[in-house]
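Colleague: Got a structure for you, target.pdb, holding PDB, C-alpha atoms.
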```pdb
MODEL        1
ATOM      1  CA  MET A   1       6.594 -51.462 -40.663
ATOM      2  CA  CYS A   2       3.345 -49.660 -39.818
ATOM      3  CA  PHE A   3       1.817 -50.648 -43.139
ATOM      4  CA  PHE A   4       2.754 -54.313 -42.962
ATOM      5  CA  GLY A   5       1.459 -54.426 -39.381
ATOM      6  CA  ALA A   6      -1.803 -52.781 -40.437
ATOM      7  CA  TYR A   7      -2.114 -55.124 -43.422
ATOM      8  CA  ALA A   8      -1.610 -58.183 -41.224
ATOM      9  CA  THR A   9      -4.328 -56.993 -38.795
ATOM     10  CA  ALA A  10      -6.840 -55.857 -41.414
ATOM     11  CA  ASP A  11      -9.254 -58.763 -40.904
ATOM     12  CA  GLY A  12     -11.190 -59.417 -37.740
ATOM     13  CA  GLU A  13     -12.780 -57.256 -35.076
ATOM     14  CA  HIS A  14     -10.268 -58.530 -32.532
ATOM     15  CA  TRP A  15      -7.433 -56.616 -34.229
ATOM     16  CA  ARG A  16      -9.391 -53.532 -35.277
ATOM     17  CA  LEU A  17      -7.961 -50.970 -32.840
ATOM     18  CA  LEU A  18      -4.399 -52.158 -33.473
ATOM     19  CA  HIS A  19      -5.060 -51.909 -37.221
ATOM     20  CA  VAL A  20      -6.455 -48.391 -36.835
ATOM     21  CA  THR A  21      -3.584 -47.281 -34.580
ATOM     22  CA  LEU A  22      -0.972 -48.434 -37.082
ATOM     23  CA  GLY A  23      -2.910 -46.755 -39.893
ATOM     24  CA  TYR A  24      -3.033 -43.444 -38.021
ATOM     25  CA  THR A  25       0.676 -43.746 -37.313
ATOM     26  CA  LEU A  26       1.391 -44.292 -41.002
ATOM     27  CA  ALA A  27      -0.640 -41.200 -41.921
ATOM     28  CA  GLY A  28       1.067 -39.145 -39.219
ATOM     29  CA  LEU A  29       4.531 -40.175 -40.371
ATOM     30  CA  LEU A  30       3.630 -39.231 -43.940
ATOM     31  CA  ALA A  31       2.402 -35.812 -42.774
ATOM     32  CA  PHE A  32       5.668 -35.303 -40.894
ATOM     33  CA  ARG A  33       7.696 -36.355 -43.941
ATOM     34  CA  VAL A  34       5.852 -33.878 -46.172
ATOM     35  CA  VAL A  35       6.362 -31.002 -43.717
ATOM     36  CA  TYR A  36      10.011 -31.975 -43.180
ATOM     37  CA  GLY A  37      10.429 -32.176 -46.947
ATOM     38  CA  LEU A  38       9.209 -28.590 -47.253
ATOM     39  CA  ILE A  39      11.044 -26.899 -44.385
ATOM     40  CA  GLY A  40      13.781 -29.370 -43.442
ATOM     41  CA  PRO A  41      17.439 -29.489 -44.513
ATOM     42  CA  ARG A  42      18.245 -29.289 -48.212
ATOM     43  CA  GLN A  43      19.209 -32.966 -48.350
ATOM     44  CA  ALA A  44      15.752 -33.997 -47.103
ATOM     45  CA  ARG A  45      13.710 -31.673 -49.318
ATOM     46  CA  LEU A  46      11.041 -33.159 -51.518
ATOM     47  CA  SER A  47      12.365 -30.930 -54.273
ATOM     48  CA  GLN A  48      15.202 -33.452 -54.617
ATOM     49  CA  LEU A  49      12.626 -36.117 -55.456
ATOM     50  CA  TRP A  50      10.718 -33.862 -57.840
ATOM     51  CA  ARG A  51      13.966 -32.936 -59.606
ATOM     52  CA  LYS A  52      14.633 -36.595 -60.280
ATOM     53  CA  LEU A  53      11.099 -37.149 -61.555
ATOM     54  CA  ALA A  54      11.320 -34.084 -63.787
ATOM     55  CA  ALA A  55      14.089 -35.850 -65.724
ATOM     56  CA  LEU A  56      11.766 -38.739 -66.617
ATOM     57  CA  PRO A  57      10.440 -37.331 -69.960
ATOM     58  CA  ALA A  58      13.956 -36.636 -71.237
ATOM     59  CA  TRP A  59      15.111 -40.109 -70.210
ATOM     60  CA  LEU A  60      12.146 -41.713 -71.975
ATOM     61  CA  ARG A  61      12.959 -39.713 -75.123
ATOM     62  CA  SER A  62      16.506 -41.082 -74.999
ATOM     63  CA  LEU A  63      15.049 -44.596 -75.402
ATOM     64  CA  GLN A  64      13.492 -43.752 -78.739
ATOM     65  CA  PRO A  65      15.407 -44.995 -81.810
ATOM     66  CA  GLY A  66      17.344 -42.259 -83.509
ATOM     67  CA  SER A  67      17.181 -39.862 -80.579
ATOM     68  CA  GLY A  68      20.956 -39.504 -80.544
ATOM     69  CA  ASP A  69      21.026 -39.135 -76.766
ATOM     70  CA  PRO A  70      23.042 -41.685 -74.782
ATOM     71  CA  ILE A  71      20.925 -43.918 -72.554
ATOM     72  CA  SER A  72      21.829 -43.743 -68.880
ATOM     73  CA  TRP A  73      20.633 -47.006 -67.374
ATOM     74  CA  ARG A  74      21.804 -45.928 -63.933
ATOM     75  CA  GLN A  75      19.563 -42.879 -64.171
ATOM     76  CA  GLY A  76      16.728 -45.153 -65.236
ATOM     77  CA  GLN A  77      17.232 -47.282 -62.148
ATOM     78  CA  ASN A  78      17.191 -44.212 -59.924
ATOM     79  CA  LEU A  79      14.035 -42.995 -61.665
ATOM     80  CA  LEU A  80      12.305 -46.288 -60.893
ATOM     81  CA  VAL A  81      13.128 -45.901 -57.198
ATOM     82  CA  ALA A  82      11.951 -42.276 -57.229
ATOM     83  CA  LEU A  83       8.682 -43.278 -58.908
ATOM     84  CA  ALA A  84       8.110 -45.994 -56.317
ATOM     85  CA  ILE A  85       8.679 -43.539 -53.461
ATOM     86  CA  ALA A  86       6.370 -40.917 -54.977
ATOM     87  CA  ALA A  87       3.674 -43.538 -55.595
ATOM     88  CA  LEU A  88       3.919 -44.844 -52.028
ATOM     89  CA  MET A  89       3.540 -41.336 -50.601
ATOM     90  CA  ALA A  90       0.561 -40.650 -52.866
ATOM     91  CA  VAL A  91      -1.280 -43.909 -52.120
ATOM     92  CA  VAL A  92      -1.036 -43.357 -48.359
ATOM     93  CA  VAL A  93      -3.626 -40.573 -48.745
ATOM     94  CA  PRO A  94      -6.537 -42.709 -50.050
ATOM     95  CA  VAL A  95      -5.533 -45.568 -47.740
ATOM     96  CA  ALA A  96      -5.678 -43.340 -44.646
ATOM     97  CA  LEU A  97      -8.751 -41.291 -45.591
ATOM     98  CA  SER A  98     -10.843 -44.262 -46.724
ATOM     99  CA  GLY A  99      -9.771 -46.184 -43.616
ATOM    100  CA  TYR A 100     -10.817 -43.328 -41.331
ATOM    101  CA  ALA A 101     -14.177 -43.029 -43.109
ATOM    102  CA  THR A 102     -14.769 -46.775 -42.967
ATOM    103  CA  TYR A 103     -13.899 -46.935 -39.260
ATOM    104  CA  ASN A 104     -16.484 -44.231 -38.557
ATOM    105  CA  ASP A 105     -19.107 -45.849 -40.817
ATOM    106  CA  TRP A 106     -19.147 -43.022 -43.340
ATOM    107  CA  GLY A 107     -19.943 -43.328 -47.023
ATOM    108  CA  GLY A 108     -21.156 -46.907 -47.320
ATOM    109  CA  GLU A 109     -19.511 -50.047 -48.663
ATOM    110  CA  TRP A 110     -17.748 -48.369 -51.591
ATOM    111  CA  LEU A 111     -15.328 -46.657 -49.178
ATOM    112  CA  GLY A 112     -14.551 -50.008 -47.619
ATOM    113  CA  GLU A 113     -13.811 -51.396 -51.064
ATOM    114  CA  LEU A 114     -11.643 -48.366 -51.853
ATOM    115  CA  HIS A 115      -9.746 -48.923 -48.611
ATOM    116  CA  ALA A 116      -9.143 -52.570 -49.493
ATOM    117  CA  LEU A 117      -8.076 -51.813 -53.071
ATOM    118  CA  SER A 118      -5.752 -48.965 -52.100
ATOM    119  CA  GLY A 119      -4.272 -51.179 -49.382
ATOM    120  CA  GLU A 120      -3.532 -53.902 -51.940
ATOM    121  CA  LEU A 121      -1.973 -51.318 -54.258
ATOM    122  CA  PHE A 122       0.199 -50.037 -51.413
ATOM    123  CA  LEU A 123       1.292 -53.595 -50.631
ATOM    124  CA  TRP A 124       2.500 -54.214 -54.188
ATOM    125  CA  LEU A 125       4.204 -50.822 -54.342
ATOM    126  CA  ALA A 126       5.990 -51.527 -51.051
ATOM    127  CA  LEU A 127       7.094 -54.979 -52.207
ATOM    128  CA  GLY A 128       8.204 -53.524 -55.544
ATOM    129  CA  HIS A 129      10.216 -50.851 -53.782
ATOM    130  CA  LEU A 130      11.935 -53.465 -51.613
ATOM    131  CA  ALA A 131      12.640 -55.591 -54.694
ATOM    132  CA  LEU A 132      14.201 -52.578 -56.426
ATOM    133  CA  ILE A 133      16.446 -51.870 -53.443
ATOM    134  CA  ILE A 134      17.566 -55.501 -53.253
ATOM    135  CA  GLY A 135      18.055 -55.735 -57.018
ATOM    136  CA  LEU A 136      20.089 -52.530 -57.203
ATOM    137  CA  GLY A 137      22.169 -53.687 -54.258
ATOM    138  CA  LEU A 138      23.037 -56.896 -56.083
ATOM    139  CA  MET A 139      23.743 -55.115 -59.375
ATOM    140  CA  ARG A 140      25.932 -52.444 -57.809
ATOM    141  CA  ARG A 141      27.423 -54.795 -55.204
ATOM    142  CA  LYS A 142      26.509 -52.335 -52.491
ATOM    143  CA  ASN A 143      24.116 -52.481 -49.561
ATOM    144  CA  GLN A 144      21.552 -49.908 -50.687
ATOM    145  CA  ALA A 145      19.471 -50.225 -47.509
ATOM    146  CA  ARG A 146      22.325 -49.489 -45.089
ATOM    147  CA  ALA A 147      22.410 -45.783 -45.901
ATOM    148  CA  MET A 148      18.636 -45.527 -45.399
ATOM    149  CA  TRP A 149      18.945 -47.148 -41.985
ATOM    150  CA  THR A 150      22.040 -45.345 -40.695
ATOM    151  CA  GLY A 151      21.806 -42.076 -42.632
ATOM    152  CA  ARG A 152      25.475 -42.394 -43.547
ATOM    153  CA  VAL A 153      27.168 -42.819 -46.918
ATOM    154  CA  GLU A 154      30.810 -43.010 -47.912
ATOM    155  CA  GLY A 155      32.657 -40.055 -49.346
ATOM    156  CA  ASN A 156      32.483 -36.289 -49.127
ATOM    157  CA  GLY A 157      30.709 -33.672 -51.153
ATOM    158  CA  PRO A 158      28.520 -30.589 -51.038
ATOM    159  CA  ASP A 159      25.332 -32.660 -51.360
ATOM    160  CA  LEU A 160      25.974 -34.624 -48.165
ATOM    161  CA  ALA A 161      24.694 -33.579 -44.755
ATOM    162  CA  SER A 162      27.479 -33.068 -42.241
ATOM    163  CA  ARG A 163      25.612 -34.869 -39.445
ATOM    164  CA  ASN A 164      22.427 -36.728 -38.633
ATOM    165  CA  HIS A 165      19.567 -35.148 -36.703
ATOM    166  CA  ALA A 166      19.418 -37.801 -33.983
ATOM    167  CA  TRP A 167      17.467 -35.542 -31.634
ATOM    168  CA  LEU A 168      14.665 -35.245 -34.192
ATOM    169  CA  ALA A 169      14.529 -39.013 -34.633
ATOM    170  CA  ILE A 170      14.211 -39.400 -30.856
ATOM    171  CA  VAL A 171      11.404 -36.810 -30.708
ATOM    172  CA  LEU A 172       9.574 -38.536 -33.558
ATOM    173  CA  LEU A 173       9.912 -41.958 -31.930
ATOM    174  CA  ALA A 174       8.732 -40.539 -28.598
ATOM    175  CA  ALA A 175       5.677 -39.017 -30.311
ATOM    176  CA  VAL A 176       4.786 -42.345 -31.922
ATOM    177  CA  LEU A 177       5.159 -44.242 -28.634
ATOM    178  CA  ALA A 178       3.113 -41.597 -26.799
ATOM    179  CA  PHE A 179       0.335 -41.930 -29.368
ATOM    180  CA  TRP A 180       0.342 -45.724 -29.050
ATOM    181  CA  SER A 181       0.195 -45.406 -25.268
ATOM    182  CA  TRP A 182      -2.717 -42.986 -25.510
ATOM    183  CA  GLN A 183      -4.565 -45.342 -27.871
ATOM    184  CA  TRP A 184      -3.937 -48.214 -25.474
ATOM    185  CA  GLN A 185      -5.384 -46.255 -22.561
ATOM    186  CA  GLN A 186      -8.502 -45.321 -24.547
ATOM    187  CA  SER A 187      -9.516 -48.965 -24.822
ATOM    188  CA  PRO A 188     -10.330 -51.037 -21.726
ATOM    189  CA  THR A 189      -8.931 -54.127 -23.439
ATOM    190  CA  GLY A 190      -5.858 -52.441 -24.922
ATOM    191  CA  LEU A 191      -5.094 -52.414 -28.621
ATOM    192  CA  LEU A 192      -6.748 -55.805 -29.047
ATOM    193  CA  SER A 193     -10.338 -54.600 -28.973
ATOM    194  CA  GLY A 194     -12.950 -57.098 -27.917
ATOM    195  CA  SER A 195     -12.186 -60.806 -28.006
ATOM    196  CA  ALA A 196     -11.709 -63.447 -30.618
ATOM    197  CA  SER A 197     -15.335 -64.509 -30.122
ATOM    198  CA  GLY A 198     -16.348 -61.137 -31.511
ATOM    199  CA  ILE A 199     -17.239 -57.886 -29.790
ATOM    200  CA  SER A 200     -18.081 -55.202 -32.311
ATOM    201  CA  ARG A 201     -16.865 -51.605 -32.097
ATOM    202  CA  ASP A 202     -20.233 -50.375 -30.797
ATOM    203  CA  GLY A 203     -20.064 -52.845 -27.906
ATOM    204  CA  SER A 204     -22.583 -55.400 -29.156
ATOM    205  CA  ARG A 205     -21.546 -59.058 -29.233
ATOM    206  CA  GLU A 206     -21.400 -60.817 -32.553
ATOM    207  CA  GLU A 207     -22.559 -64.409 -32.705
ATOM    208  CA  HIS A 208     -20.421 -66.934 -34.559
ATOM    209  CA  ASP A 209     -21.281 -70.481 -35.526
ATOM    210  CA  ASP A 210     -18.887 -73.184 -34.418
TER     211      ASP A 210
ENDMDL
END
```
Would you mind writing the file's structure down as structure tokens?
Modeller:
Amino acid sequence: MCFFGAYATADGEHWRLLHVTLGYTLAGLLAFRVVYGLIGPRQARLSQLWRKLAALPAWLRSLQPGSGDPISWRQGQNLLVALAIAALMAVVVPVALSGYATYNDWGGEWLGELHALSGELFLWLALGHLALIIGLGLMRRKNQARAMWTGRVEGNGPDLASRNHAWLAIVLLAAVLAFWSWQWQQSPTGLLSGSASGISRDGSREEHDD
């Protein structure tokens, strides 16, 4: 949601602070996810993702003629989703860093171009990930997104968490809202910096032809 909001507000000085705020939020959520994936519950560990990705070479070898290994198409589908998630997490880094540098006028035009290119790459990765979720849901006749939204899946087993961490979700949401509020207060015009007629970040007015 933060990315699509930032993408939609990428053009125009009028939306700049809102764009930057959503970009910072995206970077902050990624940082939280990485830390939570290192020290959080076993079910949320990033090691689960790396374990899936580690099986990729063996799965690719099973596709070779004469390998003798049975091909698990379900595993292949899960590997595609894991690759999309890993790629999304990786691309956030150049998107956020190049955006921060561009906002502060560091590094010249090439950083702005890097920010635009990495943003486009993130867009296609995000759309591809959504397409995978929808496609797998149709193939397996199961709502794949419901578990991601509710945190609940059917059945029992040692790999399932016994309960959700609702208190942590509330703390995280409160932190995001507090950051947005702080950003709003830092700008006299709120998150919509300047006006549609064009007030640049340094306070000078930009002239536009009718």
Colleague: Skipping near chain neighbours, those fewer than 5 positions away, what residues fall within 9 Å of segment 33-43 of chain A using all atoms listed in the file, listed as a list in words?
Modeller: Gly28, Gln48, Met89, Asp159, Leu160 and Ala161 of chain A
Colleague: For segment 50-54 of chain A, please output as an MDAnalysis selection string all residues within 8 Å (counting all atoms listed in the file; exclusion window: fewer than 2 positions along the same chain).
Modeller: chainID A and resid 46:48 56:57 79 82:83
Colleague: In Å, rounded to a single decimal, give me how far atom CA of Gly99 of chain A is from atom CA of Ala84 of chain A.
Modeller: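 About the pair atom CA of Ala84 of chain A and atom CA of Gly99 of chain A: they are 21.9 Å apart.
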Colleague: One number please: atom CA of Ser62 of chain A to atom CA of Arg74 of chain A, in Å, one decimal.
Modeller: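 Atom CA of Arg74 of chain A lies at a distance of 13.2 Å from atom CA of Ser62 of chain A.
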Colleague: List the residues matched by the PyMOL selection byres ((chain A and resi 117-122) around 7) in the displayed structure as a PyMOL selection string, ordered by chain and then by residue number.
Modeller: chain A and resi 88+91+94-95+113-116+123-126
Colleague: Using only C-alpha atoms, which residues sit within 10 Å of Trp180 of chain A once same-chain residues fewer than 2 positions away are excluded, as a list in words?
Modeller: Leu18, Thr21, Leu22, Tyr24, Thr25, Ala174, Ala175, Val176, Leu177, Ala178, Trp182, Gln183, Trp184, Gln185, Gln186 and Leu191 of chain A
Colleague: Please indicate the distance in Å from atom CA of Ala96 of chain A to atom CA of Leu30 of chain A, rounded to one decimal place.
Modeller: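 Answer for the atom CA of Ala96 of chain A to atom CA of Leu30 of chain A separation: 10.2 Å.
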Colleague: When distances are computed from all atoms listed in the file, which of A:Ala58, A:Leu138, A:Val92, A:Ala44 shows the smallest separation from Asn164 of chain A?
Modeller: A:Ala44
Colleague: Which of these, A:Gly137, A:Gly68, A:Phe32, A:Leu26, has the shortest distance to Val93 of chain A once you count all atoms listed in the file?
Modeller: A:Leu26
Colleague: Apply the PyMOL selection byres ((chain A and resi 129-132) around 8) to the displayed file and report the matching residues as a list in words.
Modeller: Leu80, Val81, Ala84, Ile85, Leu125, Ala126, Leu127, Gly128, Ile133, Ile134, Gly135 and Leu136 of chain A
Colleague: Here is a test: counting only C-alpha atoms, which residue of A:Trp59, A:Trp73, A:Trp167, A:Tyr103 is nearest to His19 of chain A?
Modeller: A:Tyr103
Colleague: Just checking: using all atoms listed in the file, which residue out of A:Phe4, A:Ser162, A:Val20, A:Phe179 ends up closest to Ser98 of chain A?
Modeller: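 Smallest separation from Ser98 of chain A among the options: A:Val20.
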Colleague: Under the rule that only C-alpha atoms are counted, which of A:Ala8, A:Leu168, A:Ala55, A:Leu17 is the nearest residue to Gln75 of chain A?
Modeller: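 Closest to Gln75 of chain A of all the choices is A:Ala55.
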